[in-house]
Amino acid sequence: MRAFGGQKVGAWAPPLLTLGLLLPLAVSAHDGAPSLLDVPLAQAIQSVMPEPALGLFLLMNHLGQRGLVALYGGATVLALLLLRRRWEGLAVLVGLLFSMTNSLAKELVARPRPDADLVEVRASVGGQFGFPSGDTQLFTIFFGLLFVLAPRITSSAKLSLALRTLAGAMVALVGPARVALGVHWPSDVLGGYLLGGFILWGLMAVYRRLAG
C-alpha cells in the first residue's frame, strides 16, 4: 500500500474512522437532547446493573477526580522515569495533558448531563455538560497507554499480563460505569471512547517514531 507522510495509507484508517464517527456524533449532541437510543439504553443498563457493581463504579468515579488523577498519574510517570523508561513516562505525561482537552470539548458541544427525571443519578460530578465523557476519555488514554506499553515497561511476561488485564478492564468498564451511575448518556461515553482513542493513536504513532 502507498506511503503517505512516511506511513502506509492503511495506518491512517483508525484515526480517520474515529474522527468520521466522532464529528457527526458531536454535532448531533450539540442540540442538547439525548439521542434516540440514549434513554432506553441508559435505563436498560441501570436495570441490569448488579448491586455489588455499584461500589466499584463509585470507586472508578473517584479515580476520575482531578486531584487523584494528578496523584496516580504523577506517580506512574515518576515510576517509569525511575525505571529508566523515559519515552514511556513522557508518553503517559503527554497523554494526561491531552486528557484535559475534554473540558474544551464539553464547552463546545454543551450538552447537559442526564436528567434525573429520565434516569437515576447515583453519583455527584462536577460540571453541567456531559459530551464527551471525561472519565471515559481519560481512562482510554491513560490505561490504554499502559495496556499498549506494558511489554516495554516490564520484561516479566506475568507482570505484563497482569498490567494489561487491569488496564484493559478499566477501559472496558469505565463506559458502562458512567451510564450506570446516571452521569452520562451512552452517546457521551461513545464520544469519550472515540476522542480518547484518537489521542491514544496519535500518541502511539509519535512514540513509535521516537522510541523505535
# chains A, B, ... in the order shown; residues from 1 in each chain; ligands from 1
$ residues_around --residues "Ala162 in chain A" --least-positions-apart "4" --cutoff "12 Å" --atoms "only C-alpha atoms" --output "list in words"
Leu146, Phe147, Ala150, Pro151, Thr154, Ser156, Ala157, Lys158, Leu166, Ala167, Gly168 and Ala169 of chain A
$ write_last_selection --atoms "C-alpha atoms" --output "JSON list (two decimals), in the first residue's frame"
[["chain", "number", "residue", "atom", "x", "y", "z"],
["A", 146, "LEU", "CA", -0.41, 1.23, 29.98],
["A", 147, "PHE", "CA", -2.04, -1.63, 28.05],
["A", 150, "ALA", "CA", 3.12, -3.00, 29.18],
["A", 151, "PRO", "CA", 5.61, -5.25, 27.32],
["A", 154, "THR", "CA", 8.44, -4.73, 32.20],
["A", 156, "SER", "CA", 8.29, -10.07, 33.02],
["A", 157, "ALA", "CA", 5.59, -11.77, 30.98],
["A", 158, "LYS", "CA", 3.46, -12.31, 34.09],
["A", 166, "LEU", "CA", -6.02, -4.42, 34.81],
["A", 167, "ALA", "CA", -5.67, -1.67, 32.21],
["A", 168, "GLY", "CA", -7.98, -3.39, 29.73],
["A", 169, "ALA", "CA", -10.62, -3.93, 32.41]]
$ residues_around --residues "Ala180 in chain A" --least-positions-apart "6" --cutoff "9 Å" --atoms "only C-alpha atoms" --output "ChimeraX atom specification"
/A:42-43,45-47,49,54,57,120-122
$ write_last_selection --atoms "C-alpha atoms" --output "mmCIF file, in the first residue's frame"
data_model
loop_
_atom_site.group_PDB
_atom_site.id
_atom_site.type_symbol
_atom_site.label_atom_id
_atom_site.label_comp_id
_atom_site.auth_asym_id
_atom_site.auth_seq_id
_atom_site.Cartn_x
_atom_site.Cartn_y
_atom_site.Cartn_z
ATOM 1 C CA ALA A 42 -29.301 4.013 29.863
ATOM 2 C CA GLN A 43 -32.406 2.702 31.581
ATOM 3 C CA ILE A 45 -28.038 -0.644 31.735
ATOM 4 C CA GLN A 46 -29.207 0.686 35.083
ATOM 5 C CA SER A 47 -31.865 -2.010 35.392
ATOM 6 C CA MET A 49 -26.534 -3.468 36.995
ATOM 7 C CA LEU A 54 -22.210 -0.001 42.284
ATOM 8 C CA PHE A 57 -18.331 2.068 39.768
ATOM 9 C CA GLU A 120 -31.432 7.508 38.292
ATOM 10 C CA VAL A 121 -28.442 9.732 39.072
ATOM 11 C CA ARG A 122 -26.308 7.779 41.535
#
$ residues_around --residues "Asp38 in chain A" --least-positions-apart "6" --cutoff "10 Å" --atoms "only C-alpha atoms" --output "number ranges by chain"
A: 44, 114, 179, 184-188
$ write_last_selection --atoms "C-alpha atoms" --output "compact mmCIF listing (two decimals), in the first residue's frame"
# COMPACT_ATOMS: atom_id res chain seq x y z
CA ALA A 44 -31.62 -0.85 30.46
CA PRO A 114 -28.72 13.19 32.02
CA VAL A 179 -24.01 5.25 32.26
CA HIS A 184 -23.58 10.30 31.19
CA TRP A 185 -25.67 9.20 28.25
CA PRO A 186 -24.37 6.22 26.24
CA SER A 187 -23.53 8.57 23.35
CA ASP A 188 -21.46 10.72 25.78
$ closest_residue --among "A:Val48, A:Leu37, A:Leu138, A:Leu78" --to "Arg66 in chain A" --atoms "only C-alpha atoms"
A:Leu138
$ select_by_dssp --residues "range 60-170 of chain A" --states "helix (DSSP H, G or I)" --output "VMD selection string"
chain A and resid 60 to 63 66 to 82 86 to 98 101 to 109 134 to 153 157 to 170
$ residues_around --residues "range 82-87 of chain A" --least-positions-apart "4" --cutoff "10 Å" --atoms "only C-alpha atoms" --output "ChimeraX atom specification"
/A:76-78,91-93,152-154,207-208,210-212
$ write_last_selection --atoms "C-alpha atoms" --output "PDB file, in the first residue's frame"
ATOM      1  CA  THR A  76       3.097   6.497  37.269  1.00  0.00           C
ATOM      2  CA  VAL A  77       5.262   8.968  35.337  1.00  0.00           C
ATOM      3  CA  LEU A  78       7.785   9.120  38.195  1.00  0.00           C
ATOM      4  CA  ALA A  91       4.019   9.320  26.630  1.00  0.00           C
ATOM      5  CA  VAL A  92       1.954   8.946  29.812  1.00  0.00           C
ATOM      6  CA  LEU A  93       2.643  12.554  30.831  1.00  0.00           C
ATOM      7  CA  ARG A 152       8.081  -2.358  27.207  1.00  0.00           C
ATOM      8  CA  ILE A 153       7.535  -1.314  30.800  1.00  0.00           C
ATOM      9  CA  THR A 154       8.436  -4.731  32.200  1.00  0.00           C
ATOM     10  CA  TYR A 207       6.075   7.234  20.445  1.00  0.00           C
ATOM     11  CA  ARG A 208       6.938   4.557  17.892  1.00  0.00           C
ATOM     12  CA  LEU A 210      10.791   8.477  18.614  1.00  0.00           C
ATOM     13  CA  ALA A 211      11.373   5.391  20.750  1.00  0.00           C
ATOM     14  CA  GLY A 212      11.685   2.904  17.912  1.00  0.00           C
TER      15      GLY A 212
END
